[in-house]
There are 2 protein chains.
Amino acid sequence: LPVHRQNFPRPLSLPASLAVFGPGLIGGSILLACARLFPEIKLRAWSRKFPALEKVQAGLGDEVFVSTDAAEVAQEATGLIFCTPVEFMEDLAREIAPTLGEARWLTDAGSVKGDLVRRLEDILGSRYVGAHPMAGSEKSGFEHARADLFTGSVCLLTPTASTSPEAADAVAEFWRGLGCDILFCEPHRHDELVARVSHLPHVVAAALAQIVPGEALPLAGSGFRDSTRIAMGDAAMWAGILLENREAVLSALQEMEGQLQIFTTALREQSRSVLQKELLSAARQRRQLS
Amino acid sequence: LPVHRQNFPRPLSLPASLAVFGPGLIGGSILLACARLFPEIKLRAWSRKFPALEKVQAGLGDEVFVSTDAAEVAQEATGLIFCTPVEFMEDLAREIAPTLGEARWLTDAGSVKGDLVRRLEDILGSRYVGAHPMAGSEKSGFEHARADLFTGSVCLLTPTASTSPEAADAVAEFWRGLGCDILFCEPHRHDELVARVSHLPHVVAAALAQIVPGEALPLAGSGFRDSTRIAMGDAAMWAGILLENREAVLSALQEMEGQLQIFTTALREQSRSVLQKELLSAARQRRQLS
């Protein structure tokens, strides 16, 4: 299995100063969690837009150093996390790369890893450790951030042969400190797996929501609501994620169409046994989750 | 719009004696709700299997008359509800049709209505009023029944030109008494709408659950859990529902495949604008629900 769970016998070592780039739902939740759990960490936040930083200061007080100048925020930080949309991370990395004197490690919260990890490693070097916290919701923005967003969630880390083992350890301990269960995965395999467990479900939920006639909405029960909830996610952000993980999502879509074709054929041929077998295998697979 | 909402100025008129055929999740919840809300109603329950009736008596006491003889349960009942899988309803109707002397109305809780309503009307006459309470969960059986299952849910009624207006009123009042919001819909249009809002989402959830590799399950977040929850439903029951509503489900599946094709093409062509437009239209449609 390319996904490994790891225990952490060593005590948590925390960064003296943590810089969060993009204090939205994920980045904001990291700041809130650190402020609550680790008040000794000095917090720094960067956003391209000043109003987003005003929200951070309103929520966390003046002790957070904020700036729209990424290099200024990166300076002095010993731990750095990119929480912007994935498509902006490479530019951001180039911008801060010259001012990383103090950095012990860098990580990110992007939901795509394969090529991104390689590109960020090229810019940031062995201190960068790719991460993907599987937490969040259909909401976005600092106003929905929560200190307990990561509690009990899974965070995938994608260290490579070029990653510094010390950085990988420290990054794992940091995410674990926020409440995450840590799993390790090869970056491209990560993309294939999340294409099936996250990106494809998003496309499918969107398609389901789109083809429902408006007059049918009053009939929507909890089943429809649950199965389409993620379709309310931020459209621009998800367009970026899908494009970034394009090949794995296309392959997952193809597999999905094949599986739907099995149902179509069984219905056309009125084959109760095939329908029942397929539904049973789905139920068994899904019941492995709580 | 074929779906109409109706207010009920008249007071609730209740059956003196209510017979529930198939006391599973839905039928059992009707029994529990009546026992709590309308203790004056005499309850009767039929199941093909005696152990199911023992559960009913364990849950509701000896005041419920139970029998595996459908005609015996139908006799003396003034309101009758079929809660078995849809495929058994026609045979059940034939079995009890000769003993309906006392019946003021009959209804059902089947999730397919079109041809079924016509066939049940042929057997049961103008006192039968098709119904589909949009309540339930992926669970089944009396052990999951709850007195408040229907509170705040929608119940679709499908009276036709042959339905007795008195029976339609009484059935609407009964379901409303259980906590349902009542909507009216033509039976075949009902099937087209629920194919899109309920049956297609079930097939899609099953397909999503099936194509996820086992090693990806530890990565499943709340998005995947929500969007595949209904895949845990009873496979045999759902095979029956899909077959019963075969044509409408096939047409919904075709529409779904067309919509997935739009996403596939946009991804192949790396068209951010199309992806964003489609995701935005999905989010807007879905946000009409809470």
# chains A, B, ... in the order shown; residues from 1 in each chain; ligands from 1

call {"tool": "residues_around", "arguments": {"residues": "A:Phe65", "least_positions_apart": "6", "cutoff": "12 Å", "atoms": "only C-alpha atoms", "output": "list in words"}}
result
Ser17, Leu18, Ala19, Val20, Phe21, Leu31, Ile41, Lys42, Leu43, Arg44, Ala45, Trp46, Ser47, Leu53, Glu54, Val56, Gln57, Glu72, Val73, Ala74, Gln75, Glu76 and Ala77 of chain A

call {"tool": "closest_atom_pairs", "arguments": {"of": "chain A", "to": "chain B", "cutoff": "7 Å", "atoms": "only C-alpha atoms", "output": "Markdown table"}}
result
| residue | atom | partner | partner_atom | distance |
| --- | --- | --- | --- | --- |
| A:Leu1 | CA | B:Glu215 | CA | 6.7 |
| A:Val3 | CA | B:Glu215 | CA | 6.8 |
| A:Met134 | CA | B:Gly221 | CA | 5.9 |
| A:Ala135 | CA | B:Gly221 | CA | 6.6 |
| A:Val154 | CA | B:Leu219 | CA | 6.3 |
| A:Leu193 | CA | B:Ala216 | CA | 5.5 |
| A:Arg196 | CA | B:Val212 | CA | 5.7 |
| A:Val197 | CA | B:Ala220 | CA | 5.9 |
| A:Ser198 | CA | B:Phe224 | CA | 6.3 |
| A:Pro201 | CA | B:Phe224 | CA | 6.6 |
| A:Ala206 | CA | B:Ala282 | CA | 5.0 |
| A:Ala207 | CA | B:Gln259 | CA | 5.7 |
| A:Leu208 | CA | B:Met256 | CA | 6.9 |
| A:Ala209 | CA | B:Ala282 | CA | 5.4 |
| A:Gln210 | CA | B:Ala282 | CA | 4.9 |
| A:Ile211 | CA | B:Met256 | CA | 7.0 |
| A:Val212 | CA | B:Arg196 | CA | 5.7 |
| A:Glu215 | CA | B:Leu1 | CA | 6.7 |
| A:Ala216 | CA | B:Leu193 | CA | 5.5 |
| A:Leu219 | CA | B:Val154 | CA | 6.3 |
| A:Ala220 | CA | B:Val197 | CA | 5.9 |
| A:Gly221 | CA | B:Met134 | CA | 5.8 |
| A:Gly223 | CA | B:Ile230 | CA | 6.1 |
| A:Phe224 | CA | B:Val197 | CA | 6.0 |
| A:Asp226 | CA | B:Asp226 | CA | 5.0 |
| A:Ser227 | CA | B:Ser227 | CA | 3.7 |
| A:Thr228 | CA | B:Ser227 | CA | 6.4 |
| A:Ile230 | CA | B:Gly223 | CA | 6.1 |
| A:Ala231 | CA | B:Ala283 | CA | 5.3 |
| A:Met232 | CA | B:Ala283 | CA | 4.3 |
| A:Gly233 | CA | B:Ala283 | CA | 6.8 |
| A:Ala235 | CA | B:Leu279 | CA | 5.1 |
| A:Ala236 | CA | B:Gln276 | CA | 5.7 |
| A:Ala239 | CA | B:Gln276 | CA | 5.4 |
| A:Leu243 | CA | B:Leu267 | CA | 6.5 |
| A:Arg246 | CA | B:Leu267 | CA | 6.3 |
| A:Leu250 | CA | B:Thr264 | CA | 6.4 |
| A:Met256 | CA | B:Ala207 | CA | 6.5 |
| A:Gln259 | CA | B:Ala207 | CA | 5.7 |
| A:Leu260 | CA | B:Ala207 | CA | 6.4 |
| A:Thr264 | CA | B:Leu250 | CA | 6.4 |
| A:Leu267 | CA | B:Arg246 | CA | 6.3 |
| A:Gln270 | CA | B:Leu243 | CA | 6.5 |
| A:Arg272 | CA | B:Ala239 | CA | 6.2 |
| A:Leu275 | CA | B:Ala239 | CA | 5.6 |
| A:Gln276 | CA | B:Ala235 | CA | 5.4 |
| A:Leu279 | CA | B:Ala235 | CA | 5.1 |
| A:Leu280 | CA | B:Ala235 | CA | 5.3 |
| A:Ser281 | CA | B:Gln210 | CA | 6.8 |
| A:Ala282 | CA | B:Gln210 | CA | 4.9 |
| A:Ala283 | CA | B:Met232 | CA | 4.3 |
| A:Gln285 | CA | B:Ala209 | CA | 6.3 |
| A:Arg286 | CA | B:Ala209 | CA | 5.7 |
| A:Arg287 | CA | B:Met232 | CA | 6.5 |

call {"tool": "atom_distance", "arguments": {"atom1": "atom CA of A:Ile30", "atom2": "atom CA of A:Ser162"}}
result
26.3 Å

call {"tool": "atom_distance", "arguments": {"atom1": "atom CA of A:Gly28", "atom2": "atom CA of A:Leu124"}}
result
23.2 Å

call {"tool": "select_by_dssp", "arguments": {"residues": "stretch 40-264 of chain A", "states": "helix (DSSP H, G or I)", "output": "ChimeraX atom specification"}}
result
/A:50-60,70-74,86-99,114-127,142-144,165-177,187-211,214-219,222-232,235-244,246-264

call {"tool": "select_by_dssp", "arguments": {"residues": "stretch 70-267 of chain B", "states": "strand (DSSP E)", "output": "list of chain:residue names"}}
result
B:Gly79, B:Leu80, B:Ile81, B:Phe82, B:Trp105, B:Leu106, B:Thr107, B:Asp108, B:Tyr128, B:Val129, B:Ala131, B:His132, B:Pro133, B:Val154, B:Cys155, B:Leu156, B:Leu157, B:Asp181, B:Ile182, B:Leu183, B:Phe184

call {"tool": "atom_distance", "arguments": {"atom1": "atom CA of B:Gly130", "atom2": "atom CA of B:Gly152"}}
result
19.6 Å
